[in-house]
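Listing of final_3.cif; format and content: mmCIF, C-alpha atoms and all ligand atoms.
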```
data_coords
loop_
_atom_site.label_atom_id
_atom_site.label_comp_id
_atom_site.auth_asym_id
_atom_site.auth_seq_id
_atom_site.Cartn_x
_atom_site.Cartn_y
_atom_site.Cartn_z
CA MET A 1 98.15 224.37 78.32
CA ASP A 2 99.56 223.83 81.80
CA VAL A 3 103.24 223.51 80.87
CA ASP A 4 104.58 223.34 84.44
CA ARG A 5 102.40 220.47 85.56
CA VAL A 6 104.33 217.56 87.03
CA SER A 7 103.69 214.32 85.17
CA ILE A 8 104.48 211.03 86.85
CA LYS A 9 103.63 208.00 84.72
CA ASP A 10 103.12 204.38 85.73
CA THR A 11 104.40 201.33 83.81
CA LEU A 12 101.44 201.63 81.41
CA GLY A 13 102.00 205.34 80.72
CA ARG A 14 99.10 206.52 82.94
CA GLU A 15 99.63 209.83 84.74
CA LEU A 16 98.83 210.38 88.40
CA ARG A 17 96.00 212.93 88.18
CA ASP A 18 93.25 212.15 90.71
CA LEU A 19 93.19 211.35 94.39
CA ARG A 20 90.30 209.83 96.33
CA ILE A 21 90.65 210.44 100.02
CA SER A 22 88.67 208.28 102.42
CA VAL A 23 88.14 210.36 105.56
CA THR A 24 86.63 207.55 107.61
CA ASP A 25 85.78 203.87 107.27
CA ARG A 26 82.68 204.35 109.46
CA CYS A 27 79.29 204.27 107.75
CA ASN A 28 75.71 204.58 108.95
CA PHE A 29 74.53 202.24 106.15
CA ARG A 30 75.34 198.59 105.54
CA CYS A 31 74.80 198.33 101.78
CA VAL A 32 74.71 194.67 100.82
CA TYR A 33 77.02 195.13 97.84
CA CYS A 34 79.62 197.14 99.78
CA MET A 35 79.50 196.31 103.49
CA PRO A 36 77.85 192.92 103.93
CA LEU A 37 80.04 191.93 106.88
CA GLU A 38 78.60 191.45 110.37
CA GLN A 39 82.12 191.31 111.79
CA TYR A 40 84.51 193.97 110.59
CA GLU A 41 87.57 195.36 112.27
CA TRP A 42 87.07 199.14 112.21
CA ILE A 43 90.20 201.23 111.97
CA ASP A 44 91.37 202.29 115.43
CA ARG A 45 90.61 206.00 115.87
CA ARG A 46 94.24 206.75 116.73
CA GLU A 47 95.23 205.44 113.32
CA ILE A 48 92.89 207.77 111.42
CA LEU A 49 94.74 210.64 109.78
CA THR A 50 94.15 214.06 111.32
CA PHE A 51 92.99 216.91 109.08
CA GLU A 52 96.51 218.36 109.23
CA GLU A 53 97.99 215.04 108.09
CA ILE A 54 95.47 214.70 105.26
CA THR A 55 96.13 218.27 104.13
CA ARG A 56 99.88 217.78 104.16
CA LEU A 57 99.62 214.57 102.12
CA ALA A 58 97.13 216.15 99.73
CA GLY A 59 99.58 219.01 99.13
CA LEU A 60 102.30 216.48 98.32
CA PHE A 61 99.98 214.66 95.91
CA LEU A 62 99.26 217.98 94.21
CA GLN A 63 103.01 218.44 93.81
CA SER A 64 103.04 214.96 92.23
CA GLY A 65 100.60 215.87 89.47
CA VAL A 66 97.19 215.41 91.13
CA GLU A 67 94.64 218.04 90.07
CA GLU A 68 91.36 216.61 91.34
CA ILE A 69 90.46 215.36 94.81
CA ARG A 70 87.31 213.52 95.80
CA LEU A 71 86.42 212.95 99.46
CA THR A 72 84.80 209.62 100.20
CA GLY A 73 84.56 206.92 102.87
CA GLY A 74 82.86 204.94 104.46
CA GLU A 75 80.45 207.78 104.79
CA PRO A 76 82.47 211.02 104.69
CA LEU A 77 79.75 213.11 106.34
CA LEU A 78 80.23 211.08 109.53
CA ARG A 79 83.65 212.67 109.94
CA HIS A 80 83.18 215.45 112.46
CA GLY A 81 84.02 218.95 111.17
CA LEU A 82 84.54 217.88 107.57
CA ASP A 83 84.07 221.43 106.34
CA THR A 84 87.29 222.42 108.17
CA LEU A 85 89.19 219.86 106.10
CA VAL A 86 87.42 221.01 102.94
CA SER A 87 88.50 224.63 103.56
CA ALA A 88 92.10 223.56 104.08
CA LEU A 89 92.12 221.43 100.91
CA ALA A 90 90.37 224.11 98.86
CA GLY A 91 93.17 226.52 99.81
CA LEU A 92 95.90 224.29 98.36
CA GLY A 93 97.49 225.63 95.18
CA GLY A 94 96.95 223.68 91.97
CA LEU A 95 93.70 221.97 92.94
CA LYS A 96 91.22 222.19 90.05
CA ASP A 97 88.32 220.19 91.45
CA LEU A 98 87.23 219.20 94.95
CA SER A 99 84.22 216.91 95.17
CA LEU A 100 82.41 214.58 97.54
CA THR A 101 80.80 211.15 97.30
CA THR A 102 78.16 210.57 99.97
CA ASN A 103 75.15 208.43 100.76
CA ALA A 104 73.38 211.80 101.29
CA SER A 105 71.67 210.77 104.53
CA HIS A 106 73.35 213.69 106.36
CA LEU A 107 73.63 216.01 103.38
CA LYS A 108 70.72 218.20 104.40
CA GLU A 109 72.50 219.53 107.49
CA HIS A 110 75.98 219.73 105.93
CA ALA A 111 75.41 220.86 102.33
CA ALA A 112 75.54 224.63 102.92
CA GLY A 113 78.69 224.47 105.05
CA LEU A 114 80.43 222.19 102.57
CA MET A 115 79.58 224.49 99.70
CA ARG A 116 80.92 227.51 101.61
CA ALA A 117 84.07 225.58 102.45
CA GLY A 118 84.76 224.74 98.81
CA ILE A 119 83.10 221.50 97.71
CA GLY A 120 82.26 222.05 94.05
CA ARG A 121 80.42 218.89 93.10
CA VAL A 122 78.49 216.19 94.91
CA ASN A 123 77.88 212.58 93.92
CA ALA A 124 75.21 210.81 95.95
CA SER A 125 74.34 207.12 96.02
CA LEU A 126 70.75 206.03 95.54
CA ASP A 127 69.73 202.66 94.12
CA THR A 128 65.96 202.68 94.51
CA LEU A 129 63.00 204.93 95.24
CA SER A 130 61.11 202.17 97.05
CA PRO A 131 61.35 202.53 100.86
CA ALA A 132 61.15 198.76 101.36
CA LYS A 133 63.86 198.03 98.84
CA PHE A 134 65.98 200.87 100.21
CA ARG A 135 65.80 199.17 103.62
CA ALA A 136 66.78 195.84 102.11
CA LEU A 137 69.71 197.29 100.13
CA THR A 138 71.19 199.62 102.74
CA ARG A 139 69.90 197.72 105.80
CA ARG A 140 68.88 201.11 107.16
CA ASP A 141 65.62 203.04 106.94
CA ASP A 142 66.47 206.49 105.63
CA LEU A 143 65.22 206.98 102.08
CA ALA A 144 63.40 210.16 103.16
CA GLY A 145 66.62 211.61 104.62
CA VAL A 146 68.55 210.85 101.43
CA LEU A 147 65.91 212.51 99.25
CA GLU A 148 65.85 215.56 101.52
CA GLY A 149 69.64 215.75 101.28
CA LEU A 150 69.54 215.63 97.50
CA LEU A 151 66.85 218.29 97.23
CA THR A 152 68.66 220.57 99.71
CA ALA A 153 71.86 220.32 97.68
CA ARG A 154 69.95 221.16 94.53
CA LEU A 155 68.26 224.17 96.14
CA LEU A 156 71.68 225.43 97.25
CA GLY A 157 72.83 225.33 93.66
CA PHE A 158 75.29 222.41 93.53
CA ASP A 159 75.63 221.64 89.85
CA PRO A 160 75.86 218.98 88.67
CA ILE A 161 74.54 216.65 91.37
CA LYS A 162 75.19 213.13 90.21
CA ILE A 163 73.24 210.18 91.55
CA ASN A 164 75.16 206.89 91.51
CA SER A 165 72.99 203.78 91.22
CA VAL A 166 74.42 200.27 91.45
CA ILE A 167 72.16 197.95 89.48
CA GLN A 168 71.80 194.27 90.34
CA ARG A 169 69.74 192.01 88.10
CA GLY A 170 66.67 190.71 89.87
CA VAL A 171 67.24 193.12 92.76
CA ASN A 172 66.76 196.67 91.48
CA ASP A 173 66.73 196.49 87.67
CA ASP A 174 63.05 197.46 87.91
CA ASP A 175 64.22 200.70 89.56
CA ILE A 176 66.08 201.87 86.47
CA LEU A 177 63.16 203.68 84.82
CA PRO A 178 61.78 205.19 88.06
CA LEU A 179 65.29 206.52 88.82
CA VAL A 180 65.54 207.90 85.28
CA GLU A 181 62.21 209.67 85.66
CA PHE A 182 63.07 211.02 89.11
CA SER A 183 66.38 212.41 87.82
CA ARG A 184 64.85 213.95 84.71
CA GLN A 185 62.17 215.66 86.77
CA ASN A 186 64.58 217.02 89.36
CA GLY A 187 67.57 217.95 87.23
CA PHE A 188 69.95 215.32 88.63
CA TRP A 189 72.55 213.61 86.50
CA LEU A 190 72.06 209.86 86.92
CA ARG A 191 74.92 207.41 86.59
CA PHE A 192 74.46 203.68 86.61
CA ILE A 193 77.29 201.56 87.97
CA GLU A 194 77.71 197.92 87.02
CA PHE A 195 77.69 195.77 90.15
CA MET A 196 81.35 194.99 90.90
CA ASP A 197 83.17 192.32 92.87
CA VAL A 198 84.64 194.78 95.36
CA GLY A 199 85.93 193.44 98.67
CA ASN A 200 85.71 189.77 99.56
CA SER A 201 82.20 189.23 100.80
CA ASN A 202 79.52 190.70 98.55
CA HIS A 203 78.76 187.35 96.84
CA TRP A 204 79.35 188.79 93.40
CA VAL A 205 78.31 186.58 90.53
CA SER A 206 78.33 187.73 86.93
CA GLU A 207 74.65 186.75 86.51
CA ARG A 208 73.64 189.43 89.03
CA MET A 209 75.65 192.12 87.22
CA MET A 210 73.38 194.02 84.81
CA PRO A 211 75.63 194.98 81.89
CA LYS A 212 75.77 198.48 80.47
CA GLY A 213 74.21 197.37 77.17
CA GLU A 214 71.07 196.05 78.87
CA ILE A 215 70.73 199.13 81.07
CA LEU A 216 70.96 201.41 78.04
CA ASP A 217 68.55 199.32 75.92
CA LEU A 218 65.95 199.51 78.65
CA ILE A 219 66.22 203.30 78.96
CA HIS A 220 66.55 203.91 75.21
CA ALA A 221 63.26 202.07 74.53
CA ARG A 222 61.44 204.63 76.67
CA TYR A 223 63.68 207.71 76.48
CA PRO A 224 65.85 207.65 73.34
CA LEU A 225 69.53 208.35 74.01
CA GLU A 226 72.48 209.72 72.06
CA GLU A 227 76.05 208.90 73.06
CA ALA A 228 78.05 211.92 74.25
CA GLY A 229 81.32 210.16 75.19
CA ARG A 230 83.47 210.62 78.27
CA THR A 231 83.92 214.05 79.90
CA ASP A 232 87.66 213.40 79.66
CA PRO A 233 89.66 210.30 78.69
CA SER A 234 90.21 209.26 82.33
CA ALA A 235 86.53 209.62 83.38
CA PRO A 236 84.98 206.28 84.41
CA ALA A 237 81.53 207.09 82.98
CA VAL A 238 80.46 207.16 79.35
CA ASN A 239 77.75 209.80 78.99
CA TYR A 240 74.49 209.83 77.03
CA ARG A 241 72.08 212.68 76.28
CA TYR A 242 68.36 212.21 76.18
CA ALA A 243 67.29 212.92 72.61
CA ASP A 244 64.62 215.27 74.00
CA ARG A 245 67.44 217.28 75.66
CA LYS A 246 66.02 216.76 79.16
CA GLY A 247 69.38 215.90 80.72
CA ASN A 248 72.11 213.30 80.70
CA ILE A 249 72.91 209.93 82.10
CA GLY A 250 76.19 208.08 82.44
CA VAL A 251 77.17 204.45 82.78
CA ILE A 252 80.23 203.20 84.63
CA ALA A 253 80.85 199.83 83.00
CA SER A 254 83.80 198.68 85.06
CA VAL A 255 83.02 195.02 84.33
CA THR A 256 81.95 194.89 80.67
CA GLU A 257 83.95 197.87 79.34
CA PRO A 258 86.90 198.35 81.69
CA PHE A 259 88.66 201.70 81.58
CA CYS A 260 91.96 200.74 83.25
CA ALA A 261 93.90 202.14 80.27
CA GLY A 262 92.84 205.65 81.31
CA CYS A 263 92.93 205.14 85.09
CA THR A 264 94.79 208.06 86.67
CA ARG A 265 93.39 207.54 90.20
CA ALA A 266 95.20 206.92 93.46
CA ARG A 267 93.41 206.27 96.74
CA LEU A 268 94.31 207.25 100.27
CA THR A 269 92.63 205.30 103.07
CA ALA A 270 91.50 206.94 106.30
CA ASP A 271 94.55 205.47 108.06
CA GLY A 272 96.95 206.87 105.52
CA LYS A 273 97.59 203.95 103.18
CA LEU A 274 98.17 204.61 99.50
CA VAL A 275 96.22 202.16 97.31
CA LEU A 276 96.74 202.12 93.56
CA CYS A 277 93.68 200.13 92.43
CA LEU A 278 90.16 199.65 93.75
CA PHE A 279 90.69 195.88 93.64
CA SER A 280 94.14 195.83 95.16
CA ASP A 281 95.22 193.74 98.11
CA ARG A 282 98.29 195.89 98.70
CA SER A 283 98.90 199.31 100.18
CA LEU A 284 101.76 201.56 101.09
CA ASP A 285 101.79 203.08 104.56
CA LEU A 286 102.25 206.84 104.15
CA LYS A 287 101.09 207.48 107.72
CA ARG A 288 104.12 205.61 109.01
CA LEU A 289 106.32 208.07 107.11
CA LEU A 290 104.29 211.08 108.28
CA ARG A 291 104.33 210.08 111.93
CA GLY A 292 107.92 208.89 111.72
CA GLY A 293 109.02 212.43 110.93
CA ALA A 294 109.75 212.02 107.21
CA GLY A 295 110.39 215.21 105.27
CA ASP A 296 108.41 216.24 102.21
CA ARG A 297 111.13 215.07 99.80
CA GLU A 298 111.06 211.52 101.21
CA ILE A 299 107.28 211.31 100.98
CA LEU A 300 107.28 212.79 97.46
CA ASP A 301 109.87 210.22 96.37
CA THR A 302 107.83 207.41 97.92
CA ILE A 303 104.68 208.49 96.07
CA ARG A 304 106.60 208.82 92.83
CA SER A 305 108.27 205.40 93.09
CA ALA A 306 104.99 203.70 93.99
CA TRP A 307 103.19 205.27 91.04
CA GLU A 308 106.05 204.61 88.62
CA ALA A 309 105.96 200.90 89.57
CA ARG A 310 102.16 200.65 89.19
CA THR A 311 100.98 197.81 86.94
CA ASP A 312 97.32 197.48 88.08
CA ARG A 313 94.67 196.74 85.46
CA TYR A 314 92.34 194.51 87.46
CA SER A 315 89.12 195.12 85.52
CA GLU A 316 90.78 194.40 82.20
CA GLU A 317 92.21 191.18 83.61
CA ARG A 318 88.79 190.24 85.01
CA LEU A 319 87.17 190.70 81.60
CA GLU A 320 89.89 188.64 79.92
CA ALA A 321 89.34 185.86 82.48
CA MET A 322 85.53 186.10 82.17
CA ASN A 323 85.81 185.82 78.38
CA ALA A 324 88.05 182.78 78.82
CA GLY A 325 85.47 181.30 81.21
CA ASP A 326 87.83 181.01 84.16
CA TYR A 327 87.13 184.03 86.37
CA GLU A 328 86.97 183.19 90.07
CA PRO A 329 86.10 186.34 92.11
CA GLY A 330 87.13 184.78 95.43
CA SER A 331 90.59 183.76 94.22
CA HIS A 332 92.06 187.20 94.90
CA ARG A 333 91.97 188.95 98.31
CA LYS A 334 91.04 192.62 98.11
CA ILE A 335 90.86 195.52 100.53
CA GLU A 336 87.23 196.06 101.58
CA MET A 337 85.39 198.85 99.71
CA ILE A 338 84.34 200.57 102.93
CA ARG A 339 88.04 201.07 103.72
CA ILE A 340 89.17 202.21 100.28
CA GLY A 341 86.28 204.47 99.28
CA GLY A 342 84.57 204.16 95.91
N1 LIG A 401 79.29 206.14 101.46
C1 LIG A 401 79.45 206.90 100.28
C2 LIG A 401 78.44 206.49 99.23
O1 LIG A 401 77.80 205.44 99.39
O2 LIG A 401 78.30 207.21 98.24
C3 LIG A 401 80.84 206.89 99.71
C4 LIG A 401 81.59 205.58 99.70
S1 LIG A 401 80.91 204.32 98.67
C5 LIG A 401 82.05 203.01 98.94
C6 LIG A 401 81.30 204.94 97.06
C7 LIG A 401 80.55 204.34 95.90
O3 LIG A 401 80.87 202.99 95.76
C8 LIG A 401 79.03 204.42 96.02
O4 LIG A 401 78.49 205.11 94.92
C9 LIG A 401 78.61 202.97 95.98
O5 LIG A 401 77.38 202.80 95.35
C10 LIG A 401 79.75 202.34 95.21
N2 LIG A 401 79.83 200.90 95.42
C11 LIG A 401 79.96 200.26 96.60
N3 LIG A 401 79.98 198.91 96.41
C12 LIG A 401 79.85 198.71 95.07
C13 LIG A 401 79.79 197.54 94.24
N4 LIG A 401 79.87 196.31 94.75
N5 LIG A 401 79.65 197.71 92.91
C14 LIG A 401 79.58 198.97 92.38
N6 LIG A 401 79.65 200.10 93.11
C15 LIG A 401 79.76 199.97 94.44
FE1 LIG A 402 76.76 202.01 101.39
FE2 LIG A 402 78.57 203.95 100.89
FE3 LIG A 402 78.28 202.94 103.32
FE4 LIG A 402 79.33 201.43 101.39
S1 LIG A 402 80.22 203.24 102.25
S2 LIG A 402 77.84 200.79 102.96
S3 LIG A 402 78.14 202.16 99.62
S4 LIG A 402 76.72 204.05 102.16
FE1 LIG A 403 91.78 201.68 87.85
FE2 LIG A 403 92.02 199.34 89.07
FE3 LIG A 403 89.60 200.23 88.35
FE4 LIG A 403 91.35 199.41 86.48
S1 LIG A 403 90.41 198.16 88.06
S2 LIG A 403 90.08 201.28 86.43
S3 LIG A 403 93.29 200.08 87.39
S4 LIG A 403 90.97 201.17 89.88
#
```

Could you quickly redo this structure as structure tokens?
Amino acid sequence: MDVDRVSIKDTLGRELRDLRISVTDRCNFRCVYCMPLEQYEWIDRREILTFEEITRLAGLFLQSGVEEIRLTGGEPLLRHGLDTLVSALAGLGGLKDLSLTTNASHLKEHAAGLMRAGIGRVNASLDTLSPAKFRALTRRDDLAGVLEGLLTARLLGFDPIKINSVIQRGVNDDDILPLVEFSRQNGFWLRFIEFMDVGNSNHWVSERMMPKGEILDLIHARYPLEEAGRTDPSAPAVNYRYADRKGNIGVIASVTEPFCAGCTRARLTADGKLVLCLFSDRSLDLKRLLRGGAGDREILDTIRSAWEARTDRYSEERLEAMNAGDYEPGSHRKIEMIRIGG
């Protein structure tokens, strides 16, 4: 047991354990469920944290109890020289896991360098194996590049490689079994994500959200499954084994089975704002402290106070409102997903 680990708890008794760092809000895709906007105010480049600033803040989060860091975006592989940041983060004491979430379109050229620098695990997003549907969903034409990226990462020995698939009813629910077969054949760990009402513009309606139960029923009818539980109590995905032992899948049921009670995640935006919930409309400007010359103690105290005051449980509240029949997704402003990182 790690007896010296710092434990900061929020108002609901949840420890600060994980940090998602968005390294850029830029993306080469325009996924309809994430970045549907034609007009979007990109973060001014001068406001984007430097690698030194990110590393300093990451070190302070590690001193605040964080053990796992995931790099995300936007598309993190668009950030020039990312492996330099990865090396710096990997050298920080106390970090147990350093991972990456990417759309994989540039993974082929970066995978080896990232692995050398210290990325342990990769999650890649892929919602369909149909080139036409891929174009419609991402509004870009690069399915081949994504597949090459995935296969390169596998050849290099990243393990596990998780594929994240957002399923929308009537859009790509017919991709569930092809994605299952593709993952089983290639040794990827597939995770389905319920379509969520992130941001303010993705036209989320509950009818388009394919619930976990339906996703599992569909797979189970063809490839019987056995529940394996969560990897740890704060993991978003519930895992299932194929009964024939040919791999695993997971489902992230943020809408129908919210996991706020175990949510130990903080998020840092590319311009240095601390965000305490994926659906939040509020943030705390750590960059202002950094660039204003604040010492470590002041920043540590700010992180601690913010976490200790945390009350967020958006997905649980959404389910309560949906069950009561009065959920109105547009009633609450949120920070756009492309800015927060998934
Ligand atoms: N660009 C990278 C990627 O696509 O993997 C990293 C950032 S992206 C915002 C992180 C994750 O959020 C992706 O797996 C994406 O599928 C997921 N995501 C985005 N919008 C979503 C939505 N409306 N519902 C569920 N998941 C969503
Ligand atoms: Fe798609 Fe990821 Fe880019 Fe969002 S950030 S538009 S999910 S590739
Ligand atoms: Fe955590 Fe917010 Fe998601 Fe709940 S809704 S699991 S508090 S990020």

One-decimal distance in Å that lies between atom FE1 of ligand LIG 403 (chain A) and atom CA of Ser280 of chain A: 9.7 Å

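Minimum atom-to-atom distance to ligand LIG 403 (chain A), evaluated using all atoms listed in the file, belongs to A:Asp18 out of A:Asp18, A:Glu75, A:Asp127, A:Asp285.
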
Hey, can you pull every residue with an atom no more than 7 Å from (74.8, 204.9, 101.1), using only C-alpha atoms, and send it as number ranges by chain? A: 29, 31, 102-103, 125-126, 138

Show me, as JSON lines, the residues of chain A having an atom within 9 Å of ligand LIG 402 (chain A), each with the closest atom pair and its distance in Å, using all atoms listed in the file.
```
{"residue": "A:Asp25", "atom": "CA", "partner": "A:LIG402", "partner_atom": "S1", "distance": 7.5}
{"residue": "A:Arg26", "atom": "CA", "partner": "A:LIG402", "partner_atom": "FE3", "distance": 7.7}
{"residue": "A:Cys27", "atom": "CA", "partner": "A:LIG402", "partner_atom": "FE3", "distance": 4.7}
{"residue": "A:Asn28", "atom": "CA", "partner": "A:LIG402", "partner_atom": "FE3", "distance": 6.4}
{"residue": "A:Phe29", "atom": "CA", "partner": "A:LIG402", "partner_atom": "FE3", "distance": 4.7}
{"residue": "A:Arg30", "atom": "CA", "partner": "A:LIG402", "partner_atom": "S2", "distance": 4.2}
{"residue": "A:Cys31", "atom": "CA", "partner": "A:LIG402", "partner_atom": "S2", "distance": 4.1}
{"residue": "A:Val32", "atom": "CA", "partner": "A:LIG402", "partner_atom": "S2", "distance": 7.2}
{"residue": "A:Tyr33", "atom": "CA", "partner": "A:LIG402", "partner_atom": "S3", "distance": 7.3}
{"residue": "A:Cys34", "atom": "CA", "partner": "A:LIG402", "partner_atom": "FE4", "distance": 4.6}
{"residue": "A:Met35", "atom": "CA", "partner": "A:LIG402", "partner_atom": "S2", "distance": 4.8}
{"residue": "A:Pro36", "atom": "CA", "partner": "A:LIG402", "partner_atom": "S2", "distance": 7.9}
{"residue": "A:Thr72", "atom": "CA", "partner": "A:LIG402", "partner_atom": "S1", "distance": 8.1}
{"residue": "A:Gly73", "atom": "CA", "partner": "A:LIG402", "partner_atom": "S1", "distance": 5.7}
{"residue": "A:Gly74", "atom": "CA", "partner": "A:LIG402", "partner_atom": "S1", "distance": 3.8}
{"residue": "A:Glu75", "atom": "CA", "partner": "A:LIG402", "partner_atom": "S1", "distance": 5.2}
{"residue": "A:Pro76", "atom": "CA", "partner": "A:LIG402", "partner_atom": "S1", "distance": 8.5}
{"residue": "A:Thr101", "atom": "CA", "partner": "A:LIG402", "partner_atom": "FE2", "distance": 8.3}
{"residue": "A:Thr102", "atom": "CA", "partner": "A:LIG402", "partner_atom": "FE2", "distance": 6.7}
{"residue": "A:Asn103", "atom": "CA", "partner": "A:LIG402", "partner_atom": "S4", "distance": 4.9}
{"residue": "A:Ala104", "atom": "CA", "partner": "A:LIG402", "partner_atom": "S4", "distance": 8.5}
{"residue": "A:Ser105", "atom": "CA", "partner": "A:LIG402", "partner_atom": "S4", "distance": 8.7}
{"residue": "A:Ser125", "atom": "CA", "partner": "A:LIG402", "partner_atom": "FE2", "distance": 7.2}
{"residue": "A:Leu137", "atom": "CA", "partner": "A:LIG402", "partner_atom": "FE1", "distance": 8.6}
{"residue": "A:Thr138", "atom": "CA", "partner": "A:LIG402", "partner_atom": "FE1", "distance": 6.2}
{"residue": "A:Arg139", "atom": "CA", "partner": "A:LIG402", "partner_atom": "S2", "distance": 9.0}
{"residue": "A:Met337", "atom": "CA", "partner": "A:LIG402", "partner_atom": "FE4", "distance": 6.8}
{"residue": "A:Ile338", "atom": "CA", "partner": "A:LIG402", "partner_atom": "S1", "distance": 5.0}
{"residue": "A:Arg339", "atom": "CA", "partner": "A:LIG402", "partner_atom": "S1", "distance": 8.2}
{"residue": "A:Gly341", "atom": "CA", "partner": "A:LIG402", "partner_atom": "S1", "distance": 6.9}
{"residue": "A:Gly342", "atom": "CA", "partner": "A:LIG402", "partner_atom": "S3", "distance": 7.7}
```

Counting only C-alpha atoms and all ligand atoms, which residues in chain A sit no more than 6 Å from ligand LIG 403 (chain A)? For each one, give the nearest pair of atoms and the distance in Å, sorted by chain then residue number, as a Markdown table.
```
| residue | atom | partner | partner_atom | distance |
| --- | --- | --- | --- | --- |
| A:Phe259 | CA | A:LIG403 | S2 | 5.1 |
| A:Cys260 | CA | A:LIG403 | FE4 | 3.5 |
| A:Cys263 | CA | A:LIG403 | FE1 | 4.6 |
| A:Cys277 | CA | A:LIG403 | FE2 | 3.8 |
| A:Leu278 | CA | A:LIG403 | S4 | 4.2 |
| A:Phe279 | CA | A:LIG403 | FE2 | 5.9 |
| A:Asp312 | CA | A:LIG403 | S3 | 4.8 |
| A:Arg313 | CA | A:LIG403 | S3 | 4.1 |
| A:Tyr314 | CA | A:LIG403 | S1 | 4.2 |
| A:Ser315 | CA | A:LIG403 | S1 | 4.2 |
```

At a cut-off of 6 Å from (99.9, 214.3, 88.3) in the coordinates of the file, what residues are picked up using all atoms listed in the file, written as a ChimeraX atom specification? /A:6-8,15-17,64-66

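Among A:Ile340, A:Leu114, A:Leu60, A:Leu177, the residue with the shortest atom-to-atom distance to ligand LIG 401 (chain A), counting all atoms listed in the file, is A:Ile340.
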
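Ranking A:Ala221, A:Ile119, A:Leu216, A:Leu155 by their shortest atom-to-atom distance to Asn239 of chain A, with all atoms listed in the file included, puts A:Leu216 first.
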
Figure out the distance between atom CA of Tyr40 of chain A and atom C15 of ligand LIG 401 (chain A), please, to one decimal in Å. 17.9 Å

Please compute the atom N6 of ligand LIG 401 (chain A)-atom CA of Thr24 of chain A distance, one decimal, in Å. 17.7 Å

Hey, can I get the axis-aligned box for ligand LIG 401 (chain A)? All listed atoms, 5 Å padding on each side, centre and edge lengths in Å to one decimal, as lines of an AutoDock Vina configuration file.
```
center_x = 79.7
center_y = 201.8
center_z = 96.9
size_x = 14.7
size_y = 20.9
size_z = 19.1
```

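Remark: for Leu289 of chain A, the closest of the candidate residues A:Val23, A:Ile43, A:Leu57, A:Asp197 is A:Leu57 (distances computed over only C-alpha atoms).
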
Selection: 8 Å around Trp307 of chain A, all atoms listed in the file, excl. self and same-chain fewer than 3 positions, as a PyMOL selection string: chain A and resi 8-10+16+276+303-304+310

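Closest approach to Gln185 of chain A among A:Ile335, A:Glu226, A:Ala261, A:Asn248: A:Asn248, based on only C-alpha atoms.
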
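Closest approach to ligand LIG 401 (chain A) from the set A:Arg154, A:Arg45, A:His110, A:Arg191 is made by A:Arg191, with distances taken over only C-alpha atoms and all ligand atoms.
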
Take segment 81-116 of chain A from the preceding structure and save C-alpha atoms as an mmCIF file, in the first residue's frame.
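part00.cif, freshly written:
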```cif
data_model
loop_
_atom_site.group_PDB
_atom_site.id
_atom_site.type_symbol
_atom_site.label_atom_id
_atom_site.label_comp_id
_atom_site.auth_asym_id
_atom_site.auth_seq_id
_atom_site.Cartn_x
_atom_site.Cartn_y
_atom_site.Cartn_z
ATOM 1 C CA GLY A 81 7.090 17.890 -30.627
ATOM 2 C CA LEU A 82 4.683 16.062 -28.343
ATOM 3 C CA ASP A 83 7.271 13.409 -27.553
ATOM 4 C CA THR A 84 9.379 16.092 -25.810
ATOM 5 C CA LEU A 85 6.479 16.762 -23.448
ATOM 6 C CA VAL A 86 5.920 13.031 -22.971
ATOM 7 C CA SER A 87 9.577 12.536 -21.946
ATOM 8 C CA ALA A 88 9.341 15.365 -19.432
ATOM 9 C CA LEU A 89 6.099 14.021 -17.937
ATOM 10 C CA ALA A 90 7.383 10.444 -17.860
ATOM 11 C CA GLY A 91 10.330 11.659 -15.774
ATOM 12 C CA LEU A 92 8.102 13.087 -13.027
ATOM 13 C CA GLY A 93 8.182 11.133 -9.777
ATOM 14 C CA GLY A 94 4.997 9.372 -8.694
ATOM 15 C CA LEU A 95 3.422 8.983 -12.121
ATOM 16 C CA LYS A 96 2.054 5.445 -12.511
ATOM 17 C CA ASP A 97 0.447 5.674 -15.937
ATOM 18 C CA LEU A 98 0.896 7.993 -18.919
ATOM 19 C CA SER A 99 -1.483 7.443 -21.817
ATOM 20 C CA LEU A 100 -2.816 9.112 -24.940
ATOM 21 C CA THR A 101 -6.223 9.503 -26.592
ATOM 22 C CA THR A 102 -5.978 10.188 -30.316
ATOM 23 C CA ASN A 103 -7.978 9.988 -33.515
ATOM 24 C CA ALA A 104 -4.983 7.942 -34.804
ATOM 25 C CA SER A 105 -4.768 9.745 -38.147
ATOM 26 C CA HIS A 106 -1.147 10.744 -37.393
ATOM 27 C CA LEU A 107 -0.293 7.794 -35.189
ATOM 28 C CA LYS A 108 1.691 5.965 -37.848
ATOM 29 C CA GLU A 109 4.437 8.592 -37.931
ATOM 30 C CA HIS A 110 4.444 9.335 -34.185
ATOM 31 C CA ALA A 111 3.851 5.971 -32.492
ATOM 32 C CA ALA A 112 7.496 4.860 -32.193
ATOM 33 C CA GLY A 113 8.696 8.208 -30.827
ATOM 34 C CA LEU A 114 5.849 8.369 -28.324
ATOM 35 C CA MET A 115 6.572 4.877 -27.113
ATOM 36 C CA ARG A 116 10.268 5.702 -26.666
#
```
